[in-house]
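Reproduced below: query_8.txt, with compact mmCIF, C-alpha atoms.
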# COMPACT_ATOMS: atom_id res chain seq x y z
CA MET A 1 -54.23 50.10 42.35
CA ARG A 2 -57.92 49.68 41.62
CA TYR A 3 -60.43 51.52 39.46
CA ARG A 4 -64.09 52.06 40.17
CA LEU A 5 -66.55 52.92 37.38
CA THR A 6 -69.97 54.19 38.48
CA CYS A 7 -72.70 54.34 35.86
CA LEU A 8 -74.43 57.73 35.73
CA THR A 9 -76.77 56.82 32.87
CA PRO A 10 -77.60 53.35 31.45
CA VAL A 11 -74.40 51.78 30.07
CA LEU A 12 -73.91 48.86 27.68
CA ALA A 13 -70.38 47.54 27.22
CA GLY A 14 -71.11 44.50 25.09
CA ASP A 15 -69.10 41.69 23.55
CA GLY A 16 -70.97 41.63 20.24
CA ARG A 17 -73.58 39.10 21.29
CA LYS A 18 -77.34 39.54 20.95
CA LEU A 19 -80.38 37.64 22.10
CA SER A 20 -82.51 36.59 19.16
CA PRO A 21 -86.31 36.40 19.66
CA ILE A 22 -86.12 32.59 19.86
CA ASP A 23 -83.54 32.75 22.66
CA TYR A 24 -85.99 34.24 25.15
CA MET A 25 -89.63 34.79 26.04
CA VAL A 26 -91.25 37.82 27.61
CA TRP A 27 -93.31 36.99 30.68
CA LYS A 28 -94.43 39.22 33.56
CA ASP A 29 -92.45 42.25 32.30
CA HIS A 30 -89.23 40.23 32.22
CA VAL A 31 -87.05 38.90 29.43
CA ASN A 32 -86.65 35.24 30.35
CA VAL A 33 -83.50 33.90 28.65
CA LEU A 34 -84.08 30.22 28.00
CA ASP A 35 -81.62 27.53 29.03
CA GLN A 36 -81.83 25.73 25.68
CA ARG A 37 -79.54 22.83 26.63
CA ARG A 38 -81.69 22.01 29.63
CA ILE A 39 -84.82 22.21 27.47
CA PHE A 40 -83.32 19.87 24.86
CA ARG A 41 -82.42 17.32 27.53
CA LEU A 42 -85.94 17.44 28.92
CA LEU A 43 -87.74 17.16 25.58
CA ALA A 44 -85.43 14.36 24.40
CA LYS A 45 -87.14 12.12 26.96
CA GLY A 46 -90.51 12.45 25.18
CA PRO A 47 -92.13 13.09 21.80
CA ARG A 48 -92.11 16.92 21.88
CA LEU A 49 -88.50 17.54 20.84
CA ASP A 50 -89.22 17.40 17.09
CA GLY A 51 -92.04 19.92 17.40
CA TYR A 52 -89.86 22.30 19.40
CA LEU A 53 -87.00 22.06 16.91
CA GLN A 54 -89.39 22.69 14.01
CA GLN A 55 -90.70 25.84 15.68
CA LEU A 56 -87.16 27.06 16.37
CA LYS A 57 -86.44 26.55 12.68
CA ARG A 58 -89.57 28.29 11.34
CA ALA A 59 -90.70 30.79 13.93
CA GLU A 60 -89.64 34.39 14.40
CA LYS A 61 -90.77 34.22 18.03
CA LEU A 62 -91.56 31.24 20.19
CA ASP A 63 -95.27 30.55 20.56
CA PHE A 64 -96.00 31.45 24.17
CA ALA A 65 -99.24 29.45 24.18
CA SER A 66 -97.31 26.25 23.44
CA TRP A 67 -93.98 26.83 25.15
CA GLY A 68 -94.64 29.57 27.71
CA GLY A 69 -94.00 27.20 30.58
CA PHE A 70 -90.33 27.25 29.66
CA ALA A 71 -90.20 30.97 30.46
CA GLN A 72 -91.36 30.13 33.99
CA ASN A 73 -89.34 27.01 34.70
CA PHE A 74 -86.34 26.89 32.36
CA ALA A 75 -85.02 30.44 32.31
CA ASP A 76 -81.26 30.84 32.66
CA ARG A 77 -81.70 34.55 33.43
CA ARG A 78 -84.65 36.83 34.09
CA ILE A 79 -83.94 40.44 33.12
CA PRO A 80 -86.62 43.01 34.02
CA PHE A 81 -87.76 45.74 31.69
CA GLU A 82 -87.01 49.22 33.02
CA HIS A 83 -90.73 50.05 32.79
CA GLY A 84 -93.81 47.94 32.21
CA SER A 85 -94.72 49.88 29.05
CA ALA A 86 -91.67 48.44 27.27
CA ALA A 87 -93.24 44.97 27.27
CA SER A 88 -96.26 46.24 25.34
CA TYR A 89 -94.02 47.86 22.72
CA TRP A 90 -92.11 44.59 22.48
CA GLU A 91 -95.32 42.69 21.76
CA ARG A 92 -96.18 45.01 18.85
CA SER A 93 -92.72 45.04 17.28
CA PRO A 94 -91.65 42.82 14.35
CA ALA A 95 -89.06 40.15 15.11
CA GLU A 96 -86.23 41.92 13.22
CA ASN A 97 -86.33 44.69 15.85
CA LEU A 98 -86.19 42.32 18.83
CA HIS A 99 -82.54 41.24 18.76
CA ILE A 100 -81.31 42.50 22.13
CA PRO A 101 -77.62 43.46 22.57
CA THR A 102 -76.33 42.05 25.85
CA PHE A 103 -73.77 43.22 28.37
CA ALA A 104 -70.42 41.41 28.34
CA ALA A 105 -70.66 38.40 30.64
CA GLY A 106 -68.64 35.37 31.66
CA PRO A 107 -69.43 32.24 33.66
CA GLN A 108 -69.47 34.24 36.91
CA GLY A 109 -71.64 37.10 35.67
CA PRO A 110 -71.54 40.44 33.82
CA TYR A 111 -68.27 42.38 33.76
CA LEU A 112 -66.89 45.56 32.22
CA PRO A 113 -64.24 44.84 29.56
CA GLY A 114 -61.03 46.74 30.17
CA SER A 115 -60.89 47.53 26.45
CA ALA A 116 -64.01 49.70 26.83
CA LEU A 117 -62.20 51.91 29.34
CA ARG A 118 -58.98 52.02 27.33
CA GLY A 119 -60.87 53.07 24.21
CA ALA A 120 -62.58 55.94 26.02
CA LEU A 121 -59.29 57.10 27.57
CA ARG A 122 -57.51 56.90 24.22
CA MET A 123 -60.19 59.06 22.59
CA GLY A 124 -59.70 61.74 25.23
CA LEU A 125 -55.94 61.67 24.68
CA VAL A 126 -56.34 62.17 20.92
CA PHE A 127 -58.85 65.00 21.47
CA ALA A 128 -56.53 66.83 23.86
CA GLY A 129 -53.59 66.54 21.45
CA LEU A 130 -55.30 67.96 18.37
CA LYS A 131 -54.36 71.50 17.42
CA GLU A 132 -55.86 74.21 15.26
CA GLY A 133 -55.17 73.42 11.64
CA SER A 134 -55.23 69.65 12.14
CA LEU A 135 -58.57 69.38 10.36
CA GLU A 136 -57.36 71.28 7.31
CA LYS A 137 -54.31 69.03 7.06
CA ALA A 138 -56.53 65.95 7.25
CA ALA A 139 -58.84 67.38 4.59
CA ALA A 140 -55.87 67.95 2.28
CA GLN A 141 -55.18 64.21 2.31
CA LEU A 142 -58.57 63.61 0.73
CA GLN A 143 -57.68 65.70 -2.31
CA GLY A 144 -56.06 64.50 -5.49
CA ASP A 145 -56.40 61.42 -7.64
CA ARG A 146 -55.58 58.99 -4.82
CA PRO A 147 -57.04 60.37 -1.56
CA GLY A 148 -55.93 58.79 1.69
CA ARG A 149 -58.28 56.21 3.18
CA ARG A 150 -57.54 57.09 6.82
CA PRO A 151 -56.65 60.80 6.98
CA GLY A 152 -56.91 60.92 10.79
CA GLU A 153 -54.51 58.05 11.40
CA VAL A 154 -51.45 60.30 11.02
CA PHE A 155 -52.64 62.55 13.82
CA GLU A 156 -53.51 59.65 16.12
CA ASP A 157 -50.04 58.17 15.64
CA ARG A 158 -48.43 61.54 16.32
CA ILE A 159 -50.42 62.15 19.52
CA VAL A 160 -50.73 58.67 21.00
CA GLY A 161 -47.93 56.85 19.21
CA SER A 162 -48.09 53.55 17.40
CA GLY A 163 -46.86 50.03 18.09
CA GLY A 164 -44.37 49.82 20.94
CA ALA A 165 -44.24 53.60 21.28
CA SER A 166 -47.96 53.97 22.04
CA ARG A 167 -48.60 56.04 25.14
CA MET A 168 -51.45 53.69 26.01
CA ARG A 169 -48.74 51.27 27.21
CA ALA A 170 -48.28 53.48 30.26
CA VAL A 171 -51.43 52.09 31.89
CA SER A 172 -52.91 48.61 32.15
CA VAL A 173 -56.66 48.29 32.68
CA ALA A 174 -58.05 44.88 33.59
CA ASP A 175 -61.53 43.58 33.02
CA SER A 176 -63.68 44.34 36.03
CA ASP A 177 -64.72 41.83 38.63
CA PRO A 178 -68.07 40.16 37.90
CA VAL A 179 -71.10 42.02 39.24
CA SER A 180 -74.54 40.88 40.24
CA PRO A 181 -76.94 40.37 37.30
CA ALA A 182 -79.46 42.34 39.37
CA VAL A 183 -77.89 45.63 38.17
CA MET A 184 -78.96 44.85 34.59
CA LYS A 185 -82.27 45.88 33.02
CA ILE A 186 -83.76 45.89 29.54
CA TYR A 187 -84.02 49.52 28.48
CA LEU A 188 -86.14 50.97 25.72
CA LEU A 189 -84.39 53.37 23.33
CA ARG A 190 -85.57 55.28 20.30
CA VAL A 191 -83.60 57.17 17.66
CA ALA A 192 -84.21 60.91 17.65
CA SER A 193 -83.64 62.72 14.38
CA LEU A 194 -84.05 66.21 12.97
CA ALA A 195 -86.35 66.97 10.06
CA ALA A 196 -86.14 70.11 7.95
CA ARG A 197 -89.21 72.34 7.95
CA SER A 198 -88.07 75.20 5.74
CA ARG A 199 -85.05 77.42 5.28
CA ALA A 200 -86.65 80.07 7.46
CA GLU A 201 -88.01 77.82 10.22
CA GLY A 202 -85.03 75.48 10.55
CA VAL A 203 -85.45 71.94 11.90
CA GLU A 204 -87.77 70.03 14.21
CA LEU A 205 -87.63 66.82 16.21
CA ALA A 206 -88.61 63.54 14.58
CA TRP A 207 -88.34 59.88 15.61
CA LYS A 208 -86.94 57.28 13.25
CA LEU A 209 -88.80 54.34 11.77
CA SER A 210 -86.83 51.15 11.11
CA ALA A 211 -87.23 50.82 7.35
CA LYS A 212 -87.32 54.45 6.32
CA GLY A 213 -88.86 57.73 7.25
CA SER A 214 -89.80 59.15 10.61
CA VAL A 215 -92.74 60.28 12.69
CA SER A 216 -93.44 63.57 14.38
CA GLY A 217 -91.57 64.44 17.52
CA ALA A 218 -94.91 64.59 19.34
CA ARG A 219 -95.55 60.89 18.60
CA PRO A 220 -92.50 58.91 19.77
CA GLN A 221 -94.68 55.90 20.62
CA GLU A 222 -95.17 55.32 16.88
CA SER A 223 -91.45 55.13 16.13
CA THR A 224 -89.29 52.00 16.10
CA PRO A 225 -88.27 50.88 19.60
CA LEU A 226 -84.85 49.43 20.38
CA PHE A 227 -84.17 47.16 23.34
CA ALA A 228 -80.83 46.62 25.06
CA GLU A 229 -79.52 45.02 28.26
CA MET A 230 -77.78 47.83 30.13
CA ALA A 231 -76.28 48.45 33.55
CA SER A 232 -78.54 50.73 35.56
CA PRO A 233 -77.41 54.12 36.89
CA GLY A 234 -75.60 53.57 40.16
CA ALA A 235 -74.09 50.22 39.11
CA VAL A 236 -70.42 49.95 40.10
CA PHE A 237 -67.65 48.02 38.33
CA GLU A 238 -64.25 47.54 39.96
CA GLY A 239 -61.02 46.13 38.56
CA GLY A 240 -57.26 46.35 38.48
CA TRP A 241 -55.36 49.45 37.32
CA ALA A 242 -51.56 49.52 36.92
CA GLU A 243 -49.11 52.18 35.77
CA SER A 244 -45.71 51.25 34.37
CA GLY A 245 -42.76 52.63 36.31
CA PHE A 246 -40.38 51.25 33.70
CA LEU A 247 -41.76 53.60 31.04
CA ARG A 248 -40.96 56.62 33.23
CA ARG A 249 -37.20 56.04 33.22
CA PRO A 250 -35.30 58.81 31.34
CA GLU A 251 -33.49 56.46 28.97
CA ILE A 252 -36.79 54.75 28.06
CA LEU A 253 -38.51 58.09 27.46
CA LYS A 254 -35.71 59.05 25.12
CA ALA A 255 -35.87 55.75 23.24
CA LEU A 256 -39.64 56.08 22.80
CA ASN A 257 -39.33 59.76 21.85
CA TRP A 258 -41.69 60.79 24.63
CA ARG A 259 -41.20 64.30 25.94
CA ASP A 260 -42.69 63.60 29.39
CA PRO A 261 -43.71 60.52 31.38
CA VAL A 262 -47.33 59.46 30.90
CA ALA A 263 -49.33 58.87 34.10
CA HIS A 264 -52.95 58.85 35.16
CA GLY A 265 -53.03 62.66 35.33
CA ALA A 266 -52.57 63.02 31.58
CA PHE A 267 -55.33 60.53 30.84
CA PHE A 268 -57.82 61.93 33.32
CA ASP A 269 -57.26 65.56 32.38
CA ALA A 270 -57.67 64.74 28.69
CA ALA A 271 -60.80 62.65 29.36
CA ASN A 272 -62.42 65.49 31.33
CA ARG A 273 -61.65 68.01 28.59
CA TYR A 274 -63.17 65.68 26.04
CA ALA A 275 -66.24 65.05 28.22
CA SER A 276 -66.76 68.81 28.61
CA ALA A 277 -66.70 69.38 24.85
CA LEU A 278 -68.92 66.36 24.20
CA LEU A 279 -71.51 67.48 26.75
CA GLU A 280 -71.65 70.93 25.17
CA SER A 281 -72.26 69.41 21.76
CA GLN A 282 -74.98 67.11 23.09
CA LYS A 283 -76.65 69.98 24.94
CA ARG A 284 -76.83 72.02 21.75
CA TYR A 285 -78.52 69.10 20.03
CA ALA A 286 -81.02 68.68 22.88
CA GLU A 287 -81.86 72.39 22.67
CA ILE A 288 -82.43 72.26 18.91
CA ALA A 289 -84.55 69.11 19.23
CA GLY A 290 -86.54 70.42 22.18
CA LEU A 291 -85.62 67.43 24.37
CA GLU A 292 -85.94 69.29 27.65
CA ARG A 293 -85.58 66.33 30.02
CA VAL A 294 -82.48 65.14 28.14
CA ARG A 295 -81.05 68.64 28.38
CA GLN A 296 -81.62 68.68 32.14
CA GLU A 297 -79.82 65.36 32.54
CA LEU A 298 -76.88 66.70 30.51
CA ASP A 299 -76.77 69.74 32.79
CA HIS A 300 -76.53 67.40 35.79
CA LEU A 301 -73.64 65.57 34.14
CA ALA A 302 -71.91 68.88 33.46
CA GLU A 303 -72.27 69.77 37.13
CA ARG A 304 -70.68 66.46 38.11
CA LEU A 305 -67.82 67.19 35.75
CA ALA A 306 -67.32 70.71 37.10
CA ALA A 307 -67.05 69.31 40.63
CA ILE A 308 -64.07 67.13 39.69
CA GLU A 309 -60.84 68.74 40.85
CA PRO A 310 -57.95 68.64 38.35
CA SER A 311 -55.59 66.97 40.80
CA THR A 312 -57.91 64.07 41.67
CA ARG A 313 -57.98 60.68 40.01
CA ARG A 314 -61.48 61.07 38.67
CA CYS A 315 -62.88 61.64 35.21
CA LEU A 316 -66.13 61.47 33.29
CA LEU A 317 -66.32 59.05 30.37
CA CYS A 318 -68.80 58.26 27.63
CA LEU A 319 -68.41 54.67 26.46
CA GLY A 320 -70.14 51.63 25.07
CA TRP A 321 -73.07 50.90 22.79
CA GLY A 322 -75.49 53.66 21.93
CA ALA A 323 -73.13 56.54 22.63
CA GLY A 324 -73.14 57.48 18.95
CA LEU A 325 -70.61 58.88 16.50
CA LEU A 326 -69.55 61.86 18.61
CA ALA A 327 -68.34 59.61 21.43
CA HIS A 328 -66.04 57.81 18.99
CA VAL A 329 -64.44 60.71 17.11
CA ALA A 330 -61.90 63.19 18.44
CA TRP A 331 -63.00 66.21 16.39
CA LEU A 332 -66.30 67.52 17.79
CA LYS A 333 -66.60 70.80 15.84
CA THR A 334 -68.84 69.25 13.20
CA GLU A 335 -70.19 72.64 12.13
CA GLU A 336 -66.87 73.73 10.60
CA PRO A 337 -66.85 73.98 6.77
CA ALA A 338 -63.70 71.85 6.42
CA TYR A 339 -65.26 69.05 8.46
CA ARG A 340 -68.48 69.16 6.48
CA LYS A 341 -66.58 69.06 3.23
CA MET A 342 -64.75 65.95 4.40
CA MET A 343 -68.04 64.30 5.33
CA GLU A 344 -69.53 65.14 1.95
CA GLN A 345 -66.50 63.68 0.18
CA ALA A 346 -66.90 60.52 2.26
CA ARG A 347 -70.65 60.55 1.42
CA LEU A 348 -71.59 60.65 5.07
CA LEU A 349 -73.33 64.01 5.06
CA ARG A 350 -76.34 65.04 3.01
CA SER A 351 -77.68 68.01 4.91
CA PRO A 352 -80.32 69.93 2.96
CA TYR A 353 -79.79 73.24 4.74
CA HIS A 354 -76.85 75.19 6.04
CA GLY A 355 -76.39 74.71 9.77
CA PHE A 356 -78.06 71.30 9.89
CA PRO A 357 -76.41 69.42 12.80
CA PHE A 358 -74.19 66.44 12.06
CA PRO A 359 -74.92 63.77 12.99
CA LYS A 360 -78.63 64.46 13.03
CA THR A 361 -79.57 61.37 15.07
CA ARG A 362 -79.10 60.33 18.69
CA ARG A 363 -80.11 57.17 20.54
CA ILE A 364 -82.28 58.32 23.42
CA VAL A 365 -82.96 56.21 26.51
CA PHE A 366 -86.61 56.27 27.57
CA LEU A 367 -87.33 56.10 31.29
CA GLU A 368 -90.93 55.49 32.35
CA ASP A 369 -91.91 55.78 28.67
CA ARG A 370 -90.46 59.29 28.30
CA PRO A 371 -87.28 60.46 26.51
CA ALA A 372 -84.91 60.98 29.40
CA THR A 373 -81.16 60.68 28.82
CA LEU A 374 -78.26 59.60 26.63
CA PRO A 375 -76.57 56.24 27.22
CA GLY A 376 -72.97 55.53 28.16
CA TRP A 377 -72.00 58.15 30.78
CA ALA A 378 -69.99 57.01 33.81
CA LEU A 379 -67.59 58.28 36.47
CA LEU A 380 -64.14 56.66 36.64
CA GLU A 381 -62.08 56.80 39.83
CA VAL A 382 -58.67 55.28 40.58
CA ASP A 383 -57.15 54.78 44.02
Please, can you express the file's structure as structure tokens?
Amino acid sequence: MRYRLTCLTPVLAGDGRKLSPIDYMVWKDHVNVLDQRRIFRLLAKGPRLDGYLQQLKRAEKLDFASWGGFAQNFADRRIPFEHGSAASYWERSPAENLHIPTFAAGPQGPYLPGSALRGALRMGLVFAGLKEGSLEKAAAQLQGDRPGRRPGEVFEDRIVGSGGASRMRAVSVADSDPVSPAVMKIYLLRVASLAARSRAEGVELAWKLSAKGSVSGARPQESTPLFAEMASPGAVFEGGWAESGFLRRPEILKALNWRDPVAHGAFFDAANRYASALLESQKRYAEIAGLERVRQELDHLAERLAAIEPSTRRCLLCLGWGAGLLAHVAWLKTEEPAYRKMMEQARLLRSPYHGFPFPKTRRIVFLEDRPATLPGWALLEVD
């Protein structure tokens, strides 16, 4: 069996690596990733190697006037910006904001790690297995002189299983085949936030600055830009998918204490239920923030989800970098008093007014220099 993941919005499934500002140069609206080994071999033949090494040691960015020829002739990769305006924001940004997260890649090119898919499927399974009252039981573990450090772990183990009894063993998801680097672009993102106006007027959109503070929602160009290498919408990743027949045998189910066999249907149904709840939460945020274009894109995603038939091997997933807290937690009803109390006890929530959304920030992908969509959404199909 094979899976096919189609990106619906820009997606970044990284491996923890970033490009520092001395690893690349920006030239002609492209990020030119330098082949440093080749450059060292070239400069070792003449007197310029010491000067280059000194600049690498001291500089925050490479001096284009001195070394710009390397961007033209010694680039290992050339990754285009999504829009020409991103290059101008890059030029004005301090070096600490120019470390670019990169897509997972091997010697043959970028690929989608199977762990990214498994993590998204696991989150849907946990979401679908939670019941009313689960949050109150988790909150109770935070009470007393020695509160539990991981109150949700008990529920995850009960729903998914732990160790050899984990239901995730029922499927094996391989890393995808390498894809063409041409599907990758450097996208500009900014962090949307919500600022309190007054108790009567509620909240308004703001855009975060890197150190502290924010700027008005009407002036996103003054906020701190983020840059990331992401797979463009329409990019397709394919890889191996296997389901264990051994774990469906009655005696094995009994030994593992599983009530029913676990197959793709359970994973896909749970993932779609989770995607539906997550989209509703994100749409509420877009409405509060007044991000109309983002709201329209979320409506389109909801329409794609509604068109998926329950019996088919298709589901909508939110995965990877930039997806935010809500894509990595199973409890999405963040407005409930018990949840907010837990967040306050963990010192994660400091909302000044009742009804203030949590979390109050979202990473927003800008397309053509306008806030357009949320990262990480993709369609998974298995055949």
Within 7 Å of Ile79 (chain A), counting all atoms listed in the file, which residues qualify if same-chain residues fewer than 6 places away don't, as a PyMOL selection string?
chain A and resi 30-32+184-186
Could you make a table, as JSON lines, of the residues of region 87-185 of chain A that have an atom within 9 Å of an atom of region 328-346 of chain A, each with its nearest atom pair and distance in Å to one decimal, counting all atoms listed in the file, in chain and number order?
{"residue": "A:Gly119", "atom": "CA", "partner": "A:His328", "partner_atom": "CA", "distance": 8.7}
{"residue": "A:Ala120", "atom": "CA", "partner": "A:His328", "partner_atom": "CA", "distance": 8.1}
{"residue": "A:Met123", "atom": "CA", "partner": "A:Ala330", "partner_atom": "CA", "distance": 6.1}
{"residue": "A:Gly124", "atom": "CA", "partner": "A:Ala330", "partner_atom": "CA", "distance": 7.3}
{"residue": "A:Leu125", "atom": "CA", "partner": "A:Ala330", "partner_atom": "CA", "distance": 8.8}
{"residue": "A:Val126", "atom": "CA", "partner": "A:Ala330", "partner_atom": "CA", "distance": 6.2}
{"residue": "A:Phe127", "atom": "CA", "partner": "A:Ala330", "partner_atom": "CA", "distance": 4.7}
{"residue": "A:Ala128", "atom": "CA", "partner": "A:Ala330", "partner_atom": "CA", "distance": 8.5}
{"residue": "A:Leu130", "atom": "CA", "partner": "A:Trp331", "partner_atom": "CA", "distance": 8.1}
{"residue": "A:Leu135", "atom": "CA", "partner": "A:Ala338", "partner_atom": "CA", "distance": 6.9}
{"residue": "A:Glu136", "atom": "CA", "partner": "A:Ala338", "partner_atom": "CA", "distance": 6.4}
{"residue": "A:Ala138", "atom": "CA", "partner": "A:Met342", "partner_atom": "CA", "distance": 8.7}
{"residue": "A:Ala139", "atom": "CA", "partner": "A:Met342", "partner_atom": "CA", "distance": 6.1}
{"residue": "A:Leu142", "atom": "CA", "partner": "A:Met342", "partner_atom": "CA", "distance": 7.6}
Just the number, please: distance in Å from CA of Tyr52 (chain A) to CA of Ile39 (chain A), one decimal.
9.5 Å
Could you tell me, as JSON, numbers by chain, which residues have any atom at most 10 Å from (-86.9, 58.1, 22.7), counting all atoms listed in the file?
{"A": [188, 189, 190, 191, 192, 206, 207, 208, 217, 219, 220, 221, 223, 224, 225, 226, 291, 294, 362, 363, 364, 365, 366, 367, 369, 370, 371, 372, 373, 374]}
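Nearest residue to Glu280 (chain A), choosing from A:Leu317, A:Val160, A:His264, A:Asp299 and counting only C-alpha atoms: A:Asp299.
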Identify, on the basis of only C-alpha atoms, every residue whose closest approach to Ser20 (chain A) does not exceed 8 Å; exclude the query and any residue fewer than 6 positions from it along the same chain; express the result as a ChimeraX atom specification.
/A:98-100
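Interatomic distance, CA of Tyr24 (chain A) to CA of Arg77 (chain A): 9.3 Å.
As for CA of Leu380 (chain A) and CA of Pro101 (chain A), they are spaced 23.5 Å apart.
Take the candidates A:Leu117, A:Val171, A:Leu5, A:Leu298 and check each one against Val262 (chain A) using only C-alpha atoms; the shortest distance goes to A:Val171.
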Neighbouring residues of Arg48 (chain A) were defined as those with any atom within 12 Å, considering all atoms listed in the file; residues of the same chain fewer than 6 positions away were excluded. Please report them as a PDB file with C-alpha atoms, in the coordinates of the input.
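Written out: part.pdb:
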ATOM      1  CA  ILE A  39     -84.820  22.210  27.470  1.00  0.00           C
ATOM      2  CA  PHE A  40     -83.320  19.870  24.860  1.00  0.00           C
ATOM      3  CA  ARG A  41     -82.420  17.320  27.530  1.00  0.00           C
ATOM      4  CA  LEU A  42     -85.940  17.440  28.920  1.00  0.00           C
ATOM      5  CA  GLN A  54     -89.390  22.690  14.010  1.00  0.00           C
ATOM      6  CA  GLN A  55     -90.700  25.840  15.680  1.00  0.00           C
ATOM      7  CA  SER A  66     -97.310  26.250  23.440  1.00  0.00           C
ATOM      8  CA  TRP A  67     -93.980  26.830  25.150  1.00  0.00           C
TER       9      TRP A  67
END
So, with only C-alpha atoms as the atoms that count, which of A:Leu319, A:Ala263, A:Val173, A:Val26 lies closest to Ser88 (chain A)?
A:Val26
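Comparing the minimum interatomic distances between Val203 (chain A) and each of A:Trp258, A:Tyr3, A:Phe356, A:Phe267, counting all atoms listed in the file, we find that A:Phe356 sits nearest.
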Shell around Met230 (chain A) at 12 Å using only C-alpha atoms, local window under 4 positions removed, as a VMD selection string
chain A and resid 7 to 14 79 to 82 100 to 105 110 to 112 181 to 189 234 to 235 320 to 322 365 375 to 377
Go ahead and save the residues from that selection, with C-alpha atoms, as a PDB file, keeping the file's coordinate frame.
ATOM      1  CA  CYS A   7     -72.700  54.340  35.860  1.00  0.00           C
ATOM      2  CA  LEU A   8     -74.430  57.730  35.730  1.00  0.00           C
ATOM      3  CA  THR A   9     -76.770  56.820  32.870  1.00  0.00           C
ATOM      4  CA  PRO A  10     -77.600  53.350  31.450  1.00  0.00           C
ATOM      5  CA  VAL A  11     -74.400  51.780  30.070  1.00  0.00           C
ATOM      6  CA  LEU A  12     -73.910  48.860  27.680  1.00  0.00           C
ATOM      7  CA  ALA A  13     -70.380  47.540  27.220  1.00  0.00           C
ATOM      8  CA  GLY A  14     -71.110  44.500  25.090  1.00  0.00           C
ATOM      9  CA  ILE A  79     -83.940  40.440  33.120  1.00  0.00           C
ATOM     10  CA  PRO A  80     -86.620  43.010  34.020  1.00  0.00           C
ATOM     11  CA  PHE A  81     -87.760  45.740  31.690  1.00  0.00           C
ATOM     12  CA  GLU A  82     -87.010  49.220  33.020  1.00  0.00           C
ATOM     13  CA  ILE A 100     -81.310  42.500  22.130  1.00  0.00           C
ATOM     14  CA  PRO A 101     -77.620  43.460  22.570  1.00  0.00           C
ATOM     15  CA  THR A 102     -76.330  42.050  25.850  1.00  0.00           C
ATOM     16  CA  PHE A 103     -73.770  43.220  28.370  1.00  0.00           C
ATOM     17  CA  ALA A 104     -70.420  41.410  28.340  1.00  0.00           C
ATOM     18  CA  ALA A 105     -70.660  38.400  30.640  1.00  0.00           C
ATOM     19  CA  PRO A 110     -71.540  40.440  33.820  1.00  0.00           C
ATOM     20  CA  TYR A 111     -68.270  42.380  33.760  1.00  0.00           C
ATOM     21  CA  LEU A 112     -66.890  45.560  32.220  1.00  0.00           C
ATOM     22  CA  PRO A 181     -76.940  40.370  37.300  1.00  0.00           C
ATOM     23  CA  ALA A 182     -79.460  42.340  39.370  1.00  0.00           C
ATOM     24  CA  VAL A 183     -77.890  45.630  38.170  1.00  0.00           C
ATOM     25  CA  MET A 184     -78.960  44.850  34.590  1.00  0.00           C
ATOM     26  CA  LYS A 185     -82.270  45.880  33.020  1.00  0.00           C
ATOM     27  CA  ILE A 186     -83.760  45.890  29.540  1.00  0.00           C
ATOM     28  CA  TYR A 187     -84.020  49.520  28.480  1.00  0.00           C
ATOM     29  CA  LEU A 188     -86.140  50.970  25.720  1.00  0.00           C
ATOM     30  CA  LEU A 189     -84.390  53.370  23.330  1.00  0.00           C
ATOM     31  CA  GLY A 234     -75.600  53.570  40.160  1.00  0.00           C
ATOM     32  CA  ALA A 235     -74.090  50.220  39.110  1.00  0.00           C
ATOM     33  CA  GLY A 320     -70.140  51.630  25.070  1.00  0.00           C
ATOM     34  CA  TRP A 321     -73.070  50.900  22.790  1.00  0.00           C
ATOM     35  CA  GLY A 322     -75.490  53.660  21.930  1.00  0.00           C
ATOM     36  CA  VAL A 365     -82.960  56.210  26.510  1.00  0.00           C
ATOM     37  CA  PRO A 375     -76.570  56.240  27.220  1.00  0.00           C
ATOM     38  CA  GLY A 376     -72.970  55.530  28.160  1.00  0.00           C
ATOM     39  CA  TRP A 377     -72.000  58.150  30.780  1.00  0.00           C
TER      40      TRP A 377
END
Write region 84-91 of chain A as an mmCIF file, in the frame of the given file, completed to N, CA and C atoms.
data_model
loop_
_atom_site.group_PDB
_atom_site.id
_atom_site.type_symbol
_atom_site.label_atom_id
_atom_site.label_comp_id
_atom_site.auth_asym_id
_atom_site.auth_seq_id
_atom_site.Cartn_x
_atom_site.Cartn_y
_atom_site.Cartn_z
ATOM 1 N N GLY A 84 -92.845 48.896 32.727
ATOM 2 C CA GLY A 84 -93.810 47.940 32.210
ATOM 3 C C GLY A 84 -94.289 48.245 30.800
ATOM 4 N N SER A 85 -94.257 49.516 30.396
ATOM 5 C CA SER A 85 -94.720 49.880 29.050
ATOM 6 C C SER A 85 -93.843 49.270 27.969
ATOM 7 N N ALA A 86 -92.573 48.983 28.279
ATOM 8 C CA ALA A 86 -91.670 48.440 27.270
ATOM 9 C C ALA A 86 -92.141 47.073 26.783
ATOM 10 N N ALA A 87 -92.755 46.289 27.665
ATOM 11 C CA ALA A 87 -93.240 44.970 27.270
ATOM 12 C C ALA A 87 -94.333 45.080 26.219
ATOM 13 N N SER A 88 -95.194 46.080 26.334
ATOM 14 C CA SER A 88 -96.260 46.240 25.340
ATOM 15 C C SER A 88 -95.697 46.669 23.988
ATOM 16 N N TYR A 89 -94.660 47.502 23.986
ATOM 17 C CA TYR A 89 -94.020 47.860 22.720
ATOM 18 C C TYR A 89 -93.327 46.642 22.112
ATOM 19 N N TRP A 90 -92.745 45.809 22.968
ATOM 20 C CA TRP A 90 -92.110 44.590 22.480
ATOM 21 C C TRP A 90 -93.127 43.694 21.780
ATOM 22 N N GLU A 91 -94.293 43.558 22.338
ATOM 23 C CA GLU A 91 -95.320 42.690 21.760
ATOM 24 C C GLU A 91 -95.722 43.161 20.364
#
